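Quick notes on the structure that follows.
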Amino acid sequence: MFLNRFRSCSSCMGARHFQTLLFYFWMSCALSQSVSDFRASDIEARLTAFTNDALGVERTQELYTQASLNQIVSVDGAAVATQLANTVSSRISSRIVGLNRLRSAASGAYTSGSTSSSLTACCSLRDSAVSFDERFNTTVLLSNGCDRISSTASSPRPTISSSISSSAKSNLVSSAELKFQYFGSEEGYTTIYPGFNASSCSSYDPRYRPWYVAAAVPIPKDVVVVVDTSGSMGISVPNSGGRNRLDLAKEAIDSILTTLSDLDRVTVVPFNTVVTRISPSSATDCFNNRLGQVTPYNIRQLQQLVNRLSDSGGTFYGNAINAAYRMFRDTPARTGPRPERVILFLTDGVPSDTRNSILTTMEAAARGEQYGVTVLTYALGNGINSQGVETLTRMARQQYLVTVGSVAVGEYQLISDFNNLRASLSRYYSFFASETTTGTNIITMPYYDAFGLGVILTAASPVYTSSAGRQTLRGVVGVDMTISDLFGDISYFSDAEHQYAFMINNDGEAVLHPLLAQPVDVSSDPLFQDVTLLEPDSEFRARVYLQMRNRTSGQASFTATRFLTIGNSRYEGTRAVSVNSSYYWRPIAQTNFIICIVINAEVSNEVSVLRAQAAPAAATLYHRLDLGVNRGQRCSQFGYLAVSDASAVKFSPEAFQNPSQYLNVPETSSTVTQYRNYLDGSGPDNYFHAGVRNSVRLTAQLDAIWQRPDARTNARSVVWRYIGAIDGTFRIIPGTQLPAAYDHMRRDWFTRALNAAGRTTLSPPYLDAFGSGYVATLSHSITQSMDSTQVDSVGAVMGIDFTMGFLGQTIELAYSQCVSRYRCLLIDSSGYLVYHPDFVTTGQNPEWVHLGHKEPYVMRDLLTRGFAVKASCNRYDSMERHFTYRISINGSVTNQVCNQVTYSVQPVNNTNIFIIFLSATTCSGRQDFLCNCPTANNLGTCTFSNVGNMCECPCSTPLTYDPCSNSFPVTTGDVCPAEIAGLPVVPRRPDAISGLEPCFNGTCNRLTQSSDCRATQGCSWCTRGSDNLELTTAFCTTDCVCFGGTQGQRNPAANCDAARTDGSGGSGLSGGAIAGIIVGSLTGLVFLVVCCKKKYNEGASGTTTTTPSSSGTVAAPSQRRPSAPVEVPPETYKPPPATNPNAPPDYNAAVHLAGVGGAGGGYPSAAYPSNPPYPDFPGQAPYPPAAGNPPYPH
């Protein structure tokens, strides 16, 4: 009877009037509630249902619990460390064999007088002649090498190019992991294999490169460059493009700096009437009173300082030479062999002081160094007279006014042509080459590769020929090797938080460490720091560090500090834990590196493994769909080849016995077949660690879980579902290809859930790299027992990506009052907004928006009352101290601020989030309630970092750094783990998806409700025109037509250039749609009646005041588990088209579903972008990565 009366009412009033009546009835009930009446248990129940129904956590946990088995395993750390050291040494030996072959080919060709033909110039190679090769990350010519000729090359030209290319080609056949191989001659010619298309041939001179100089002169050098900046240096130089003498001197100094290696130390002394101070800051005397260690950072600092020099004043030699010698005296002595010490003295004019005073000053200074400093003097141009020439000559020969003993004799050189200045000065090292031994192989310190291969090393060796008992340097051969290739076993020696490995050099600097970026993630030259910054315990220094530096083997056990990321280390910070740890270290033969493995002593004897699993009925679908089994429903997932009804398996490098081989050798169909034969059958295991096959077989059962009807209820909003196991197994649906280097165990979604074992975690929103728009990730750990909440018991982490609109719908279904009267927000435990209504209604960029930026009065109040506490950690690679927050609340916190805004904050039990209920008003105009938040989506510079109760958004401050000693004077505090860099998305292949249907068709322009539109992947509710003015009638379309609510804006990650038809024409609402509106309204009315009755029975609830919790734990959740929101499955949902004057006509748009939101990391951060002079040759200084490679999201 009740429903019949309302049907009659709806017939006479019409749907619109009925909804109006319903709204006022709803308001009469809702207005009687306050923010303190809301309960977080409502959203908790819906998230729990979503976690178990859509993601299948409960069912998966049952699978793991039934399959888990504890075993006693004896871990022989000493044996493992020895094996790792021997493996790495063996790999390096094989590369050195190739280097020696290359050197023999070069010296043999010179000795035999080879007249082999020259190769094609690298800059002349046609695009059609080269093809892309994964091993080199660029297009190359594998059949031959190519030549480069420097603009300053001299005659005669070597005729050994073909011999070098042939030998290098044979090396690559023998060792497929080798990268570029090359020979640089003393005349300035270069032969490189494989050939590649260089943008310029004449700009590259091998003789100026660190690998060349380090091999030609394999001894440490202390270099002081003294440069005249007097007024005469401002004279223009003919035929130099308008540059003056000082400009060309700066270029020459720049070239000198680029020849230096990590063995060297250097500074620059500018002088005119006085000596100029050049320190980078007043906080350090580096470069003014001391030489600085050659690091990429220091070289860039000196290049910038030299570039700022200007010409003025006189030319007083005495002051300059005295300052130069003082540098050697005040610089701390080295450990190890005594370096060659040299002063390069550059001037263009007659000195303003007398010859005798100059020589007297120099003799007194040189006496203190036992006359052991070599002085090379250079007269620039023809402006110097005979008296000046005599002075410079006597300075170089150390011929003083008094007789002294043995001296280091230098030389004087006149450079009359300024255009030869760079070439002349850059060859200073040749003065020492004849004093060194021949045939010495050297390995450079790691540096960033220009072709984007990550961090690489160069092994180089000088090429000498002998004639009449005299050795002649002909050039240097070099071979590039990637860090991931050589040391992949060390980088990926990890098992969640159980064990890890690191590597240092003889100076104690950390080359590899879990707190540092992975070599494949690095986008600029790394800043190597002392390992004690990352391992700060006093027992480590006393019992491990000193022994490692002495290159002795050993082991020690003690309680050590580990720093674990909470999620994204840059924004969410870190936490320190104490772990009973055992350290085992071994030197690596043929290198200056030492490795150490660290094992959690508390769990080293007992591990949880999976029982043997039966082979799945269906063949394993490997993520390389272009190489693997052709099964399942293939479709286009936003322009990427995918399988809609089956999950695909991928493995992180940790899953492989040889991570280096996996990362560096391209997979083939044969490789994938061998994988499958082992995983699905009984084939030999040539690739994987024990346990991986059982993990693959166990997780294969998730396909059935993920295909259940309750899992597909929200299919229009769910982009990806996936699981990542501790053993390195990763499974994702829809099945699609991921980059080889993708490692789920290092991604934010995985570490966030690992840190909150047993709880559901949500990420702040981010732009999905695959093209579905802004999404969030929910992740949950799977443990070895139902009651375990310890990190060490986690066996896997599950994740699901969904649209921001879906999260908004879920909140509104849980709290109908959030639609109008109240604003309902979600924040994580660091205070970042997981959801804000503005994210879906205004088009605001939602990435990393902090509560202090969006709702400052709430954040300020939480901070004042102690519910928000500042935390910090040091990030040494970027020289920053990051400040973040920890939100800790038990129960409910309610308050009114600025006499206008009432809020309530409650923890959502068993999650990492809090829900905030806000009254609709704001503290407008109240500056005293704002927080210092200069940027919304990134860390700003701190203003009040040391003041605990001053409100500002997460920020950073510079760490004090001493570049000369390459150290940080203050090192207290936690350590920030390196931020995970983004990975390039696998390129879209239009040919692979030609003719395929989209995996999910959102039919955006058929959706008539804003909430439905925003909840659907790839759709956007368009409210503003291209002129940013509000549209008369909003409409739903793809985010290639309208993004962020603005017509004409496009989702930058979507495949908008690949067309598809989305929706159809038509107008008006069908009877079915009207009926749906009425039924929905009736349902809402019934809900409101129940709401009001409940309100009447319960009465108003009082405010509960709590105290801050140091543990951050929350009360146990209610056992009530209602169903997830019921929605019509998208496969059957076919509403009629909308009538909309602003909707565009039928159009083609991109297929742009979401990416593996959890399957990515933050955007790459190059802490030290570099700009070396030669941008297109391997074995050189670093470059920023090429543009156009979008990173994965969280």
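A note on labels: chains of the structure tokens are A, B, ... as shown, every chain counts residues from 1, and ligands are counted from 1 in their shown order.
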Hey, what's within 7 Å of stretch 85-97 of chain A if we count only C-alpha atoms and toss same-chain stuff fewer than 2 positions away? As number ranges by chain, please? A: 81-83, 99-101, 486-487, 586-590, 595
Can you list every residue of stretch 516-578 of chain A that has an atom at most 9 Å from stretch 294-315 of chain A, with its nearest atom pair and the distance in Å to one decimal, using only C-alpha atoms, ordered by chain then number, as JSON lines?
{"residue": "A:Asp525", "atom": "CA", "partner": "A:Pro296", "partner_atom": "CA", "distance": 6.5}
{"residue": "A:Pro526", "atom": "CA", "partner": "A:Pro296", "partner_atom": "CA", "distance": 7.9}
{"residue": "A:Leu527", "atom": "CA", "partner": "A:Tyr297", "partner_atom": "CA", "distance": 7.1}
{"residue": "A:Phe528", "atom": "CA", "partner": "A:Thr295", "partner_atom": "CA", "distance": 8.3}
List the spatial neighbours of stretch 792-801 of chain A as a count of residues only - criterion: any atom at most 6 Å away, only C-alpha atoms, same-chain residues fewer than 3 positions off excluded. 19
Can you pull out the residues contacting stretch 670-674 of chain A? Cut-off 12 Å, using only C-alpha atoms, and skip same-chain residues under 6 positions away; I want them as JSON, numbers by chain. {"A": [619, 620, 621, 622, 623, 624, 625, 626, 627, 628, 629, 649, 650, 651, 661, 662, 680, 681, 682, 683, 684, 685, 686, 687, 688]}
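The gap separating atom CA of A:Phe883 from atom CA of A:Phe563 is 15.4 Å, in Å to one decimal.
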Please provide as a list of chain:residue names all residues within 9 Å of A:Val237, with the sequence filter that same-chain residues fewer than 6 positions apart are discarded (counting only C-alpha atoms). A:Arg243, A:Asn244, A:Arg245, A:Leu248, A:Phe418, A:Asn419
Would you put the residues from that selection into a file with N, CA and C atoms, as a PDB file, in the first residue's frame?
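Listing of selection32.pdb after writing:
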ATOM      1  N   ARG A 243      83.892  35.822 -28.692  1.00  0.00           N
ATOM      2  CA  ARG A 243      84.338  35.514 -27.340  1.00  0.00           C
ATOM      3  C   ARG A 243      85.652  36.224 -27.031  1.00  0.00           C
ATOM      4  N   ASN A 244      85.846  36.487 -25.741  1.00  0.00           N
ATOM      5  CA  ASN A 244      87.102  37.110 -25.338  1.00  0.00           C
ATOM      6  C   ASN A 244      88.041  36.069 -24.750  1.00  0.00           C
ATOM      7  N   ARG A 245      89.226  36.534 -24.321  1.00  0.00           N
ATOM      8  CA  ARG A 245      90.235  35.601 -23.815  1.00  0.00           C
ATOM      9  C   ARG A 245      89.737  34.822 -22.602  1.00  0.00           C
ATOM     10  N   LEU A 248      87.402  31.924 -23.549  1.00  0.00           N
ATOM     11  CA  LEU A 248      88.092  30.734 -24.040  1.00  0.00           C
ATOM     12  C   LEU A 248      88.860  30.044 -22.925  1.00  0.00           C
ATOM     13  N   PHE A 418      94.389  31.285 -29.597  1.00  0.00           N
ATOM     14  CA  PHE A 418      93.447  30.985 -28.522  1.00  0.00           C
ATOM     15  C   PHE A 418      92.492  29.845 -28.880  1.00  0.00           C
ATOM     16  N   ASN A 419      92.261  29.632 -30.154  1.00  0.00           N
ATOM     17  CA  ASN A 419      91.356  28.564 -30.556  1.00  0.00           C
ATOM     18  C   ASN A 419      91.947  27.184 -30.291  1.00  0.00           C
TER      19      ASN A 419
END
Applying 8 Å and only C-alpha atoms, which residues near stretch 339-351 of chain A remain after dropping the ones on its own chain fewer than 2 positions away? List them as an MDAnalysis selection string. chainID A and resid 219:228 232:233 315:317 324 337 353:355 372:385 387:388
So which residues touch A:Gly632 within 9 Å, counting only C-alpha atoms, skipping near sequence neighbours fewer than 2 positions away, as a compact mmCIF listing (two decimals) with all heavy atoms, in the first residue's frame?
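Output below, filename selection_3.txt:
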# COMPACT_ATOMS: atom_id res chain seq x y z
N LEU A 621 50.00 -17.80 -18.38
CA LEU A 621 50.05 -16.71 -19.34
C LEU A 621 51.13 -15.74 -18.90
O LEU A 621 50.96 -15.00 -17.93
CB LEU A 621 48.69 -16.00 -19.41
CG LEU A 621 48.58 -14.83 -20.42
CD1 LEU A 621 48.75 -15.34 -21.85
CD2 LEU A 621 47.24 -14.13 -20.26
N ASN A 630 49.12 -18.08 -26.65
CA ASN A 630 48.02 -17.31 -27.23
C ASN A 630 46.71 -17.87 -26.71
O ASN A 630 46.09 -18.74 -27.30
CB ASN A 630 48.08 -17.38 -28.76
CG ASN A 630 47.03 -16.49 -29.39
OD1 ASN A 630 46.38 -15.69 -28.72
ND2 ASN A 630 46.87 -16.62 -30.69
N ARG A 634 41.70 -11.62 -26.07
CA ARG A 634 42.60 -10.48 -26.28
C ARG A 634 41.78 -9.22 -26.56
O ARG A 634 40.75 -9.26 -27.23
CB ARG A 634 43.57 -10.76 -27.42
CG ARG A 634 44.51 -11.90 -27.10
CD ARG A 634 45.79 -11.85 -27.89
NE ARG A 634 46.78 -12.76 -27.33
CZ ARG A 634 48.09 -12.69 -27.58
NH1 ARG A 634 48.56 -11.75 -28.38
NH2 ARG A 634 48.92 -13.55 -27.03
N VAL A 643 44.72 -9.16 -22.09
CA VAL A 643 43.79 -10.29 -22.06
C VAL A 643 42.80 -10.01 -20.94
O VAL A 643 43.19 -9.86 -19.79
CB VAL A 643 44.52 -11.63 -21.82
CG1 VAL A 643 43.53 -12.76 -21.67
CG2 VAL A 643 45.49 -11.90 -22.95
N SER A 644 41.52 -9.95 -21.28
CA SER A 644 40.52 -9.50 -20.32
C SER A 644 40.11 -10.57 -19.33
O SER A 644 39.73 -10.26 -18.20
CB SER A 644 39.29 -8.98 -21.05
OG SER A 644 38.70 -10.01 -21.82
N ASP A 645 40.17 -11.84 -19.71
CA ASP A 645 39.62 -12.89 -18.86
C ASP A 645 40.68 -13.78 -18.23
O ASP A 645 40.38 -14.89 -17.78
CB ASP A 645 38.64 -13.75 -19.65
CG ASP A 645 39.27 -14.37 -20.88
OD1 ASP A 645 40.41 -13.99 -21.22
OD2 ASP A 645 38.64 -15.24 -21.51
N ALA A 646 41.90 -13.36 -18.23
CA ALA A 646 42.97 -14.15 -17.61
C ALA A 646 44.05 -13.21 -17.09
O ALA A 646 44.32 -12.16 -17.69
CB ALA A 646 43.56 -15.15 -18.60
Output as JSON, numbers by chain all residues of stretch 535-625 of chain A that backbone DSSP marks as strand (DSSP E). {"A": [554, 555, 556, 557, 558, 559, 560, 561, 562, 563, 564, 565, 574, 575, 576, 577, 578, 579, 580, 581, 582, 583, 584, 585, 586, 587, 593, 594, 595, 596, 597, 598, 599, 600, 606, 607, 608, 609, 610]}
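Here atom CA of A:Val531 is placed at a distance of 15.1 Å from atom CA of A:Gly973.
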As a count of residues only, please: every residue in stretch 777-1012 of chain A that a backbone DSSP assignment puts in alpha helix (DSSP H). 36
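Rounded to one decimal, atom CA of A:Glu363 and atom CA of A:Ser424 lie 26.8 Å from each other.
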